[in-house]
Amino acid sequence: MAKDALMDYDKALELFEPVLGFEVHVELNTKTKMFSHAPNDFGSDANTNVTPVCLGLPGALPVVNEQAVRYSISLGLALGCSIAPSSRFARKNYFYPDLAKNYQISQYDEPIAFGGSVDVELPNGRQVTVPIERAHMEEDAGKLTHVGGSTGRIQGAEYSLVDYNRAGVPLVEIVTDIIYGAESDAPELAKAYVATIRDIVVSLGISDARMERGNLRCDANISLRPRTPEGQPSAPLGTRTETKNVNSLRSVERAIRYEIQRQAAILADGGTITQETRHWHEDTGRTSAGRPKSDADDYRYFPEPDLLPVQPSAELIEELRAALPEPPAERRRRLKAEWGFTDLEFQDVVNGGLLVEITETVAAGATPAAARKWWTGEISRIANVNGVEASSLVSPENVAAVAALVEAGSLNDKLARQVLEGVIAGEGTPQEVVDARGLAVVSDDGALIAAIDEALASQPDVLAKIRDGKVQAAGAVIGAVMKAMRGQADAARVRELVLERAAG
Amino acid sequence: MSDIIRLTAAGLAEKLQNREISAVEATQAHLDRIHAVDSDVHAFLHVSDSALDAARRIDERRTAGEELGPLAGVPLAVKDVLVTTDMPSTSGSRILEGYMSPFDATVVKKAREAGLIPIGKTNMDEFAMGSSTEHSAYGPTRNPWDLGRIPGGSGGGSAAAVAAFEAPLALGSDTGGSIRQPAHVTGTVGVKPTYGAVSRYGAIALASSLDQVGPVTRTVLDAGLLQDVIGGHDPFDSTSLTDAWPSMAAAAREGARGDVLKGLKVGVVKELSGEGFQAGVQTRFDETVALLQKQGAEVVEVSAPHFEYAVSAYYLILPAEASSNLAKFDSVRFGMRVQPDGGGTVEQVMAATREFGFGPEVKRRIILGTYALSAGYYDAYYGSAQKVRTLIQRDFDAAFAQVDVLVSPSAPTTAFKFGEKLEDPMAMYLNDVATIPANLAGVPGISVPIGLAPEDGLPVGIQIMAPVREDARLYRVGAAIEALLEAQWGHTLISKAPALGGK
Amino acid sequence: MSEISEEQVAHLANLARIALTPQEISSLTTELDQIVDSIAKVQQVATPDVPATSHPVPLSNVFRPDVIGETLTIEQALRNAPEHDDNRFRVSAILGEEQ
Ligand SMILES: [Mg+2]
Ligand SMILES: [Zn+2]
């Protein structure tokens, strides 16, 4: 794969205005699939969670999952959308082996929700309202595994294997209107938008929203338009690309930045952008050309004759509206106040996409300060090193358990970090790691006093200084004692005891 | 024993209940008949090897004193469009040769639960596309009245099976006339119920918004008995109606007693006569209408001005839906797989499989449907056809505001000879001119035999149509006509069918 | 007269994944042209004021409760498969990409 030429980001922004659009697919966490009573659980053995409907067997017919409709309405309402008094399903026809019927049941000209907006807060404190065109219901496809060729890629594979467990999992696709004015914040806006959608669906309880598991998937559309001098009409919209396979918050940000730099380099060079899908590669941090748009994209949509219109009553819509959780912007304001974070501290949490994690950690018993400290600190650091989402590393319950051990004085910070490391490595719960690694602080004063007395005896000059009132000299003794305890002691308690023993 | 096969389903059921005949005897008699005549008729694609076991179980249950349904122990032929767990289901296509469904179609399940004995799968035009059964990948079925002629289609196998006394009852499916037109040309009774009255789950879809499963029998009462078994709500079919239906058999019995024709308002559809309608078909139809009038029915001519657009709308909607419904036959999960020369990508394998596995009529309609739905043509074709559908529904509404039932000949001609229309798709499509409007509007229709055309001695049927949900009315009126004519003739029409294989 | 070309039929065949032979393309072009000519008359009465009907008997809100039901056994799922590897359906290499 030849390396793309990239323009310097700031320079690209000087010459071009980025124009964005997103399609986010949210997998709903219903018990069963969208149109079949098969379990909505695709982690099982291949092709075990399937019915004749999932396999598109001759004679099978779809029936709509009522819960999926309710969830879709709730999501539409949370996105500030209107709920269509009548919406219907359509068939999107195209042949692909992961699509059992060779058509996807989706919604086309009559989506269940339309015309909303989402308020998004950027790391620099800027507020952006993202316009939502529509949210519609559809079904997921099966999963392909490519065998032979290079590392599971489709190119060069000898053959492919199909598992239809995921086929028919309910999806809501959220489509934004064209987003103007993101300017140099485009990458951050992209990330913040997806994080906000994630917050919304999690707070609604309608999706597990694990990006790394594909519960939440983002296709990012981006085009550049040349800037025109002040007072002149703006240039027409540029050709857009659609970047797929972006499955983490940080990838969303990186992919947008990359596409801006790539497209700018081409345009500045007098080239043209091809309208195509592009694939994001997490490992190289680049996008590569996928399928160009062609007349093979004639999906021949028509109303799904096996299904009937969805016409939610006003009562149902109001019932679901009344049950909505507070909107993310309001929720953020409330949490910031409740947690007592400074602007900077709270921004850190939001930027890290850690609101959900901290909320759940606090709910599990940790103080807000401790929850913030662990999530934005050590856990985020490990996540960054490994290029994964912090949320995928450890559960909020386990973080709260670590915080509780520190609170109780059983662990100091250094030990707590080791415990977290163990939990992340899959060694068990914090208590199990503590037990297995023998990491508890020495809280037995007797053992500490023996070590202190020994240290004081071997450093008579220090002892003299302390007795002279030069308290800071105690540091040397404390260091020696901590070393003797192999770090497993509470430094504050050691200091107290050193001063006590020195005073004699 | 041979008189077992001549019994109506109702008559056989009575003898089964009285234990004059066992289910095993009834089943064996029909299997023997199939053995004797089906090499000539070719109504069956597959004959069950578990039918006798099923019959034995019914006999055991009856002996044990169990309360069984009214049709328990009666053999049933099943159109191959319906999936079955104990027999292959091919829908008349090579692409599904040997396909074994893991589930029974709801109608088959209901039939088994009611104690009926599925004895085989009947031949049909491939994927139910056709009006002659000549488009079956497994060779045509022959009309028992004249083995040189077509038995109608797509359900020629089911109609021929009952006409040839190979089964007293059969299941069919009717998308544009595939139950009623074969009934017309074979001198049998066929009913297309109200759309949604009978489950489509397990019927291999042709055009989802038009398809309806229904009974194929020799008498109106038998059809009513069968619809009572297969009808009713099915949660696996979203388009299935939740109505509580009256007994169709009771309606048929009521009709056969007589006076239902008195004061009945009968509309003769003006547009379904004249040009294109064979003289002898028209004659028998006119005589029947006159007979109705004589019995006190008020006959009026009714105009349905948009029926002239019905065939056109139908040949847009059907291929469009079919092109999508048949996309699942791609060689990935089931069905035939054809490897192109020198291997190939999955795209090429799919295309080679579909090229080899589908017959010419199926390909023609898939391409036509793909065209009607494709970008830039949707509004002109598919969209316009759906509007015509609205206009046809309005014609029906207007007509049923004036009359109780509408009548027409069930098809424009009697059975034609093999090959006569094979090369001219439009001529073939016009066979369904009388039956298509009911499918577009969802209304129920029945075809009842009304005699033989004078010029060729072949059967003619009358089609009766009623408003949506008024299926019982068809049975009442159909049974009345049947009883009147049989009284007039002194015999049933089917009893005049020529002997087959010397029997 | 409608104007269906052989290129168009070839394109439709590609969309419909049918490897038509050149002879089939040629004869289908003629037939389709005739058929489309005779069915295009639906446009005469399909005026803008007429609503489209997609279901013959109108119904709405037909739903299923979110309750798990019976699934196929792996034997049932794979029974009719032309080819499979363990639990998965096997297909030849894929040329195109996911949609
Ligand atoms: Mg998309
Ligand atoms: Zn989608």
# chains A, B, ... in the order shown; residues from 1 in each chain; ligands from 1
>>> residues_around(residues="segment 470-480 of chain A", least_positions_apart="2", cutoff="12 Å", atoms="only C-alpha atoms", output="ChimeraX atom specification")
/A:448-449,451-468,482-487,489-503
>>> interface_residues(of="chain C", to="chain A", cutoff="6 Å", atoms="only C-alpha atoms", output="list in words")
Ser60, Asn61, Phe63, Arg64, Pro65, Asp66, Ile68, Gly69, Thr71, Leu72, Ile74, Asn87, Arg88, Phe89, Arg90, Val91, Ser92 and Ala93 of chain C
>>> closest_atom_pairs(of="chain A", to="ligand 1", cutoff="10 Å", atoms="only C-alpha atoms and all ligand atoms", output="JSON lines")
{"residue": "A:Phe22", "atom": "CA", "partner": "ligand 1", "partner_atom_place_in_ligand_line": "1 (Mg)", "distance": 9.0}
{"residue": "A:Glu23", "atom": "CA", "partner": "ligand 1", "partner_atom_place_in_ligand_line": "1 (Mg)", "distance": 6.1}
{"residue": "A:Val24", "atom": "CA", "partner": "ligand 1", "partner_atom_place_in_ligand_line": "1 (Mg)", "distance": 8.2}
{"residue": "A:His25", "atom": "CA", "partner": "ligand 1", "partner_atom_place_in_ligand_line": "1 (Mg)", "distance": 8.3}
{"residue": "A:Glu173", "atom": "CA", "partner": "ligand 1", "partner_atom_place_in_ligand_line": "1 (Mg)", "distance": 7.8}
{"residue": "A:Ile174", "atom": "CA", "partner": "ligand 1", "partner_atom_place_in_ligand_line": "1 (Mg)", "distance": 9.4}
{"residue": "A:Val175", "atom": "CA", "partner": "ligand 1", "partner_atom_place_in_ligand_line": "1 (Mg)", "distance": 8.4}
{"residue": "A:Cys218", "atom": "CA", "partner": "ligand 1", "partner_atom_place_in_ligand_line": "1 (Mg)", "distance": 9.1}
{"residue": "A:Asp219", "atom": "CA", "partner": "ligand 1", "partner_atom_place_in_ligand_line": "1 (Mg)", "distance": 6.9}
{"residue": "A:Ala220", "atom": "CA", "partner": "ligand 1", "partner_atom_place_in_ligand_line": "1 (Mg)", "distance": 9.5}
{"residue": "A:Asn221", "atom": "CA", "partner": "ligand 1", "partner_atom_place_in_ligand_line": "1 (Mg)", "distance": 9.9}
{"residue": "A:Glu242", "atom": "CA", "partner": "ligand 1", "partner_atom_place_in_ligand_line": "1 (Mg)", "distance": 8.8}
{"residue": "A:Lys244", "atom": "CA", "partner": "ligand 1", "partner_atom_place_in_ligand_line": "1 (Mg)", "distance": 9.0}
>>> write_last_selection(atoms="all heavy atoms", output="mmCIF file, in the first residue's frame")
data_model
loop_
_atom_site.group_PDB
_atom_site.id
_atom_site.type_symbol
_atom_site.label_atom_id
_atom_site.label_comp_id
_atom_site.auth_asym_id
_atom_site.auth_seq_id
_atom_site.Cartn_x
_atom_site.Cartn_y
_atom_site.Cartn_z
ATOM 1 N N PHE A 22 -21.980 11.928 9.736
ATOM 2 C CA PHE A 22 -21.722 10.629 10.372
ATOM 3 C C PHE A 22 -22.930 9.707 10.251
ATOM 4 O O PHE A 22 -24.067 10.153 10.300
ATOM 5 C CB PHE A 22 -21.395 10.810 11.857
ATOM 6 C CG PHE A 22 -20.214 11.689 12.100
ATOM 7 C CD1 PHE A 22 -20.390 13.018 12.481
ATOM 8 C CD2 PHE A 22 -18.929 11.216 11.898
ATOM 9 C CE1 PHE A 22 -19.294 13.836 12.672
ATOM 10 C CE2 PHE A 22 -17.833 12.037 12.089
ATOM 11 C CZ PHE A 22 -18.018 13.354 12.475
ATOM 12 N N GLU A 23 -22.619 8.426 10.092
ATOM 13 C CA GLU A 23 -23.639 7.394 10.230
ATOM 14 C C GLU A 23 -23.166 6.499 11.358
ATOM 15 O O GLU A 23 -22.102 5.901 11.256
ATOM 16 C CB GLU A 23 -23.748 6.574 8.940
ATOM 17 C CG GLU A 23 -24.414 7.344 7.807
ATOM 18 C CD GLU A 23 -24.069 6.778 6.450
ATOM 19 O OE1 GLU A 23 -23.796 5.563 6.353
ATOM 20 O OE2 GLU A 23 -24.048 7.560 5.488
ATOM 21 N N VAL A 24 -23.931 6.479 12.423
ATOM 22 C CA VAL A 24 -23.559 5.621 13.543
ATOM 23 C C VAL A 24 -24.566 4.489 13.643
ATOM 24 O O VAL A 24 -25.780 4.719 13.644
ATOM 25 C CB VAL A 24 -23.508 6.427 14.863
ATOM 26 C CG1 VAL A 24 -23.304 5.498 16.056
ATOM 27 C CG2 VAL A 24 -22.381 7.458 14.804
ATOM 28 N N HIS A 25 -24.057 3.265 13.656
ATOM 29 C CA HIS A 25 -24.920 2.099 13.842
ATOM 30 C C HIS A 25 -24.848 1.669 15.297
ATOM 31 O O HIS A 25 -23.773 1.438 15.822
ATOM 32 C CB HIS A 25 -24.458 0.941 12.956
ATOM 33 C CG HIS A 25 -24.823 1.115 11.515
ATOM 34 N ND1 HIS A 25 -24.037 1.774 10.611
ATOM 35 C CD2 HIS A 25 -25.920 0.700 10.826
ATOM 36 C CE1 HIS A 25 -24.622 1.765 9.423
ATOM 37 N NE2 HIS A 25 -25.761 1.119 9.518
ATOM 38 N N GLU A 173 -29.682 3.020 12.920
ATOM 39 C CA GLU A 173 -28.679 3.819 12.231
ATOM 40 C C GLU A 173 -29.040 5.281 12.401
ATOM 41 O O GLU A 173 -30.140 5.694 12.047
ATOM 42 C CB GLU A 173 -28.599 3.455 10.734
ATOM 43 C CG GLU A 173 -27.562 4.303 9.998
ATOM 44 C CD GLU A 173 -27.358 3.915 8.532
ATOM 45 O OE1 GLU A 173 -27.723 2.791 8.139
ATOM 46 O OE2 GLU A 173 -26.821 4.759 7.793
ATOM 47 N N ILE A 174 -28.096 6.027 12.981
ATOM 48 C CA ILE A 174 -28.313 7.458 13.211
ATOM 49 C C ILE A 174 -27.529 8.219 12.150
ATOM 50 O O ILE A 174 -26.316 8.047 12.032
ATOM 51 C CB ILE A 174 -27.820 7.869 14.616
ATOM 52 C CG1 ILE A 174 -28.497 7.009 15.687
ATOM 53 C CG2 ILE A 174 -28.066 9.350 14.862
ATOM 54 C CD1 ILE A 174 -27.820 7.098 17.045
ATOM 55 N N VAL A 175 -28.231 9.015 11.373
ATOM 56 C CA VAL A 175 -27.593 9.732 10.269
ATOM 57 C C VAL A 175 -27.650 11.227 10.564
ATOM 58 O O VAL A 175 -28.729 11.768 10.823
ATOM 59 C CB VAL A 175 -28.320 9.434 8.939
ATOM 60 C CG1 VAL A 175 -27.617 10.105 7.766
ATOM 61 C CG2 VAL A 175 -28.424 7.933 8.710
ATOM 62 N N CYS A 218 -19.053 3.523 13.631
ATOM 63 C CA CYS A 218 -19.174 4.843 13.027
ATOM 64 C C CYS A 218 -18.630 4.834 11.605
ATOM 65 O O CYS A 218 -17.520 4.374 11.366
ATOM 66 C CB CYS A 218 -18.426 5.863 13.877
ATOM 67 S SG CYS A 218 -18.425 7.496 13.149
ATOM 68 N N ASP A 219 -19.433 5.320 10.672
ATOM 69 C CA ASP A 219 -18.936 5.607 9.325
ATOM 70 C C ASP A 219 -18.838 7.123 9.254
ATOM 71 O O ASP A 219 -19.826 7.820 9.498
ATOM 72 C CB ASP A 219 -19.908 5.133 8.242
ATOM 73 C CG ASP A 219 -20.134 3.624 8.309
ATOM 74 O OD1 ASP A 219 -19.295 2.924 8.900
ATOM 75 O OD2 ASP A 219 -21.157 3.166 7.773
ATOM 76 N N ALA A 220 -17.638 7.616 8.914
ATOM 77 C CA ALA A 220 -17.430 9.064 8.910
ATOM 78 C C ALA A 220 -17.320 9.578 7.487
ATOM 79 O O ALA A 220 -16.477 9.128 6.724
ATOM 80 C CB ALA A 220 -16.169 9.391 9.695
ATOM 81 N N ASN A 221 -18.199 10.502 7.153
ATOM 82 C CA ASN A 221 -18.141 11.139 5.834
ATOM 83 C C ASN A 221 -17.423 12.450 5.977
ATOM 84 O O ASN A 221 -17.710 13.226 6.889
ATOM 85 C CB ASN A 221 -19.547 11.407 5.309
ATOM 86 C CG ASN A 221 -20.254 10.127 4.945
ATOM 87 O OD1 ASN A 221 -19.948 9.526 3.928
ATOM 88 N ND2 ASN A 221 -21.155 9.686 5.800
ATOM 89 N N GLU A 242 -16.222 8.078 2.542
ATOM 90 C CA GLU A 242 -16.880 7.511 3.718
ATOM 91 C C GLU A 242 -15.904 6.522 4.343
ATOM 92 O O GLU A 242 -15.582 5.502 3.732
ATOM 93 C CB GLU A 242 -18.181 6.814 3.294
ATOM 94 C CG GLU A 242 -18.939 6.231 4.473
ATOM 95 C CD GLU A 242 -20.252 5.569 4.066
ATOM 96 O OE1 GLU A 242 -20.480 5.382 2.865
ATOM 97 O OE2 GLU A 242 -21.025 5.227 4.981
ATOM 98 N N LYS A 244 -14.919 3.741 6.891
ATOM 99 C CA LYS A 244 -15.609 2.703 7.662
ATOM 100 C C LYS A 244 -14.642 2.023 8.612
ATOM 101 O O LYS A 244 -13.438 2.275 8.559
ATOM 102 C CB LYS A 244 -16.176 1.666 6.695
ATOM 103 C CG LYS A 244 -17.169 2.272 5.739
ATOM 104 C CD LYS A 244 -18.128 1.208 5.236
ATOM 105 C CE LYS A 244 -19.226 1.831 4.427
ATOM 106 N NZ LYS A 244 -20.551 1.616 4.954
#
>>> interface_residues(of="chain C", to="chain B", cutoff="8 Å", atoms="only C-alpha atoms", output="VMD selection string")
chain C and resid 9 12 to 20 28 32 35 38 to 43 45 to 47 50 to 57 59 62 to 64 72 76 78 to 83 89 to 95
>>> closest_residue(among="B:Ala203, B:Leu452, B:Leu261, B:Val229", to="chain A", atoms="only C-alpha atoms")
B:Ala203
>>> select_by_dssp(residues="segment 240-276 of chain B", states="alpha helix (DSSP H)", output="list in words")
Met248, Ala249, Ala250, Ala251, Ala252, Arg253, Glu254, Gly255 and Ala256 of chain B
>>> write_last_selection(atoms="N, CA and C atoms", output="PDB file, in the first residue's frame")
ATOM      1  N   MET B 248     -66.180 -22.334   7.172  1.00  0.00           N
ATOM      2  CA  MET B 248     -66.444 -22.319   5.736  1.00  0.00           C
ATOM      3  C   MET B 248     -67.252 -23.566   5.336  1.00  0.00           C
ATOM      4  N   ALA B 249     -67.003 -24.658   6.032  1.00  0.00           N
ATOM      5  CA  ALA B 249     -67.758 -25.880   5.741  1.00  0.00           C
ATOM      6  C   ALA B 249     -69.232 -25.669   6.060  1.00  0.00           C
ATOM      7  N   ALA B 250     -69.496 -24.999   7.167  1.00  0.00           N
ATOM      8  CA  ALA B 250     -70.889 -24.721   7.533  1.00  0.00           C
ATOM      9  C   ALA B 250     -71.539 -23.840   6.477  1.00  0.00           C
ATOM     10  N   ALA B 251     -70.753 -22.853   5.978  1.00  0.00           N
ATOM     11  CA  ALA B 251     -71.291 -21.976   4.932  1.00  0.00           C
ATOM     12  C   ALA B 251     -71.614 -22.777   3.681  1.00  0.00           C
ATOM     13  N   ALA B 252     -70.719 -23.721   3.330  1.00  0.00           N
ATOM     14  CA  ALA B 252     -70.953 -24.545   2.140  1.00  0.00           C
ATOM     15  C   ALA B 252     -72.201 -25.405   2.321  1.00  0.00           C
ATOM     16  N   ARG B 253     -72.360 -25.965   3.498  1.00  0.00           N
ATOM     17  CA  ARG B 253     -73.543 -26.816   3.753  1.00  0.00           C
ATOM     18  C   ARG B 253     -74.817 -25.990   3.669  1.00  0.00           C
ATOM     19  N   GLU B 254     -74.723 -24.773   4.203  1.00  0.00           N
ATOM     20  CA  GLU B 254     -75.887 -23.883   4.151  1.00  0.00           C
ATOM     21  C   GLU B 254     -76.239 -23.558   2.695  1.00  0.00           C
ATOM     22  N   GLY B 255     -75.200 -23.283   1.905  1.00  0.00           N
ATOM     23  CA  GLY B 255     -75.408 -22.944   0.491  1.00  0.00           C
ATOM     24  C   GLY B 255     -76.034 -24.090  -0.278  1.00  0.00           C
ATOM     25  N   ALA B 256     -75.566 -25.294  -0.004  1.00  0.00           N
ATOM     26  CA  ALA B 256     -76.043 -26.456  -0.753  1.00  0.00           C
ATOM     27  C   ALA B 256     -77.528 -26.732  -0.489  1.00  0.00           C
TER      28      ALA B 256
END
>>> atom_distance(atom1="atom CA of Ser173 of chain B", atom2="atom CA of Thr84 of chain B")
14.8 Å
>>> select_by_dssp(residues="segment 277-346 of chain B", states="strand (DSSP E or B)", output="ChimeraX atom specification")
/B:298-302
>>> write_last_selection(atoms="N, CA and C atoms", output="mmCIF file, in the first residue's frame")
data_model
loop_
_atom_site.group_PDB
_atom_site.id
_atom_site.type_symbol
_atom_site.label_atom_id
_atom_site.label_comp_id
_atom_site.auth_asym_id
_atom_site.auth_seq_id
_atom_site.Cartn_x
_atom_site.Cartn_y
_atom_site.Cartn_z
ATOM 1 N N GLU B 298 -80.559 -11.322 -8.049
ATOM 2 C CA GLU B 298 -80.650 -10.087 -8.825
ATOM 3 C C GLU B 298 -79.336 -9.889 -9.545
ATOM 4 N N VAL B 299 -79.342 -10.028 -10.848
ATOM 5 C CA VAL B 299 -78.088 -9.938 -11.598
ATOM 6 C C VAL B 299 -77.972 -8.566 -12.248
ATOM 7 N N VAL B 300 -76.864 -7.923 -12.020
ATOM 8 C CA VAL B 300 -76.610 -6.636 -12.680
ATOM 9 C C VAL B 300 -75.224 -6.660 -13.309
ATOM 10 N N GLU B 301 -75.037 -5.854 -14.330
ATOM 11 C CA GLU B 301 -73.703 -5.725 -14.896
ATOM 12 C C GLU B 301 -72.980 -4.630 -14.122
ATOM 13 N N VAL B 302 -71.755 -4.917 -13.777
ATOM 14 C CA VAL B 302 -70.962 -3.970 -12.992
ATOM 15 C C VAL B 302 -69.691 -3.659 -13.773
#
>>> residues_around(residues="segment 117-122 of chain B", least_positions_apart="4", cutoff="6 Å", atoms="only C-alpha atoms", output="list in words")
Ala43, Phe44, Leu45, His46, Val47, Ser48, Ala51, Val74, Pro75, Leu76, Ala77, Val78, Lys79, Asp80, Gly157 and Ser158 of chain B
>>> atom_distance(atom1="atom CA of Leu116 of chain B", atom2="atom CA of Arg142 of chain B")
25.8 Å
>>> atom_distance(atom1="atom CA of Leu224 of chain A", atom2="atom CA of Met211 of chain A")
27.1 Å
>>> residues_around(residues="segment 107-124 of chain A", least_positions_apart="4", cutoff="8 Å", atoms="only C-alpha atoms", output="PyMOL selection string")
chain A and resi 72-73+76-77+79-84+86-91+128-138+185+188-189+192-193+196+301+310+328-329+347-348+350-351
>>> residues_around(residues="Asp33 of chain C", least_positions_apart="3", cutoff="10 Å", atoms="only C-alpha atoms", output="ChimeraX atom specification")
/B:368 /C:1-5,27-30,36-38
>>> write_last_selection(atoms="N, CA and C atoms", output="JSON list (two decimals), in the first residue's frame")
[["chain", "number", "residue", "atom", "x", "y", "z"],
["B", 368, "LEU", "N", -37.03, -8.58, -15.40],
["B", 368, "LEU", "CA", -38.11, -7.59, -15.50],
["B", 368, "LEU", "C", -38.31, -6.87, -14.15],
["C", 1, "MET", "N", -42.49, 3.13, -28.00],
["C", 1, "MET", "CA", -41.69, 1.93, -27.75],
["C", 1, "MET", "C", -40.66, 2.20, -26.66],
["C", 2, "SER", "N", -40.54, 1.29, -25.75],
["C", 2, "SER", "CA", -39.49, 1.46, -24.74],
["C", 2, "SER", "C", -38.16, 1.19, -25.40],
["C", 3, "GLU", "N", -37.12, 1.60, -24.73],
["C", 3, "GLU", "CA", -35.81, 1.44, -25.35],
["C", 3, "GLU", "C", -34.89, 0.67, -24.45],
["C", 4, "ILE", "N", -35.13, -0.62, -24.37],
["C", 4, "ILE", "CA", -34.26, -1.44, -23.55],
["C", 4, "ILE", "C", -33.13, -1.98, -24.43],
["C", 5, "SER", "N", -31.92, -1.73, -23.99],
["C", 5, "SER", "CA", -30.76, -2.14, -24.78],
["C", 5, "SER", "C", -30.15, -3.41, -24.19],
["C", 27, "SER", "N", -32.13, -12.30, -26.59],
["C", 27, "SER", "CA", -33.56, -12.63, -26.69],
["C", 27, "SER", "C", -34.34, -11.93, -25.57],
["C", 28, "LEU", "N", -33.74, -11.81, -24.40],
["C", 28, "LEU", "CA", -34.45, -11.13, -23.31],
["C", 28, "LEU", "C", -34.64, -9.65, -23.62],
["C", 29, "THR", "N", -33.69, -9.07, -24.33],
["C", 29, "THR", "CA", -33.83, -7.65, -24.68],
["C", 29, "THR", "C", -35.08, -7.45, -25.53],
["C", 30, "THR", "N", -35.27, -8.33, -26.51],
["C", 30, "THR", "CA", -36.46, -8.24, -27.36],
["C", 30, "THR", "C", -37.73, -8.47, -26.54],
["C", 36, "VAL", "N", -42.47, -4.69, -21.58],
["C", 36, "VAL", "CA", -42.51, -3.37, -20.95],
["C", 36, "VAL", "C", -43.44, -2.44, -21.73],
["C", 37, "ASP", "N", -43.41, -2.55, -23.06],
["C", 37, "ASP", "CA", -44.33, -1.74, -23.86],
["C", 37, "ASP", "C", -45.77, -1.98, -23.46],
["C", 38, "SER", "N", -46.11, -3.26, -23.25],
["C", 38, "SER", "CA", -47.51, -3.52, -23.00],
["C", 38, "SER", "C", -47.90, -3.26, -21.55]]
>>> decode(residues="segment 320-331 of chain A", atoms="N, CA and C atoms", output="PDB file, in the first residue's frame")
ATOM      1  N   LEU A 320     -42.838   6.903  26.583  1.00  0.00           N
ATOM      2  CA  LEU A 320     -41.394   6.716  26.424  1.00  0.00           C
ATOM      3  C   LEU A 320     -40.657   8.033  26.641  1.00  0.00           C
ATOM      4  N   ARG A 321     -41.290   9.127  26.245  1.00  0.00           N
ATOM      5  CA  ARG A 321     -40.650  10.431  26.457  1.00  0.00           C
ATOM      6  C   ARG A 321     -40.502  10.713  27.958  1.00  0.00           C
ATOM      7  N   ALA A 322     -41.556  10.380  28.696  1.00  0.00           N
ATOM      8  CA  ALA A 322     -41.528  10.636  30.139  1.00  0.00           C
ATOM      9  C   ALA A 322     -40.435   9.814  30.825  1.00  0.00           C
ATOM     10  N   ALA A 323     -40.107   8.692  30.238  1.00  0.00           N
ATOM     11  CA  ALA A 323     -39.125   7.797  30.868  1.00  0.00           C
ATOM     12  C   ALA A 323     -37.693   8.106  30.433  1.00  0.00           C
ATOM     13  N   LEU A 324     -37.510   9.124  29.605  1.00  0.00           N
ATOM     14  CA  LEU A 324     -36.157   9.409  29.119  1.00  0.00           C
ATOM     15  C   LEU A 324     -35.239   9.858  30.246  1.00  0.00           C
ATOM     16  N   PRO A 325     -33.997   9.438  30.208  1.00  0.00           N
ATOM     17  CA  PRO A 325     -33.029   9.992  31.164  1.00  0.00           C
ATOM     18  C   PRO A 325     -32.717  11.429  30.760  1.00  0.00           C
ATOM     19  N   GLU A 326     -32.060  12.171  31.666  1.00  0.00           N
ATOM     20  CA  GLU A 326     -31.792  13.572  31.336  1.00  0.00           C
ATOM     21  C   GLU A 326     -30.818  13.644  30.160  1.00  0.00           C
ATOM     22  N   PRO A 327     -30.920  14.705  29.371  1.00  0.00           N
ATOM     23  CA  PRO A 327     -30.041  14.846  28.207  1.00  0.00           C
ATOM     24  C   PRO A 327     -28.582  14.975  28.640  1.00  0.00           C
ATOM     25  N   PRO A 328     -27.649  14.534  27.804  1.00  0.00           N
ATOM     26  CA  PRO A 328     -26.236  14.502  28.172  1.00  0.00           C
ATOM     27  C   PRO A 328     -25.697  15.852  28.658  1.00  0.00           C
ATOM     28  N   ALA A 329     -26.075  16.948  27.992  1.00  0.00           N
ATOM     29  CA  ALA A 329     -25.521  18.241  28.393  1.00  0.00           C
ATOM     30  C   ALA A 329     -25.948  18.572  29.815  1.00  0.00           C
ATOM     31  N   GLU A 330     -27.231  18.315  30.102  1.00  0.00           N
ATOM     32  CA  GLU A 330     -27.740  18.577  31.451  1.00  0.00           C
ATOM     33  C   GLU A 330     -27.069  17.654  32.451  1.00  0.00           C
ATOM     34  N   ARG A 331     -26.933  16.425  32.003  1.00  0.00           N
ATOM     35  CA  ARG A 331     -26.354  15.424  32.886  1.00  0.00           C
ATOM     36  C   ARG A 331     -24.923  15.825  33.236  1.00  0.00           C
TER      37      ARG A 331
END
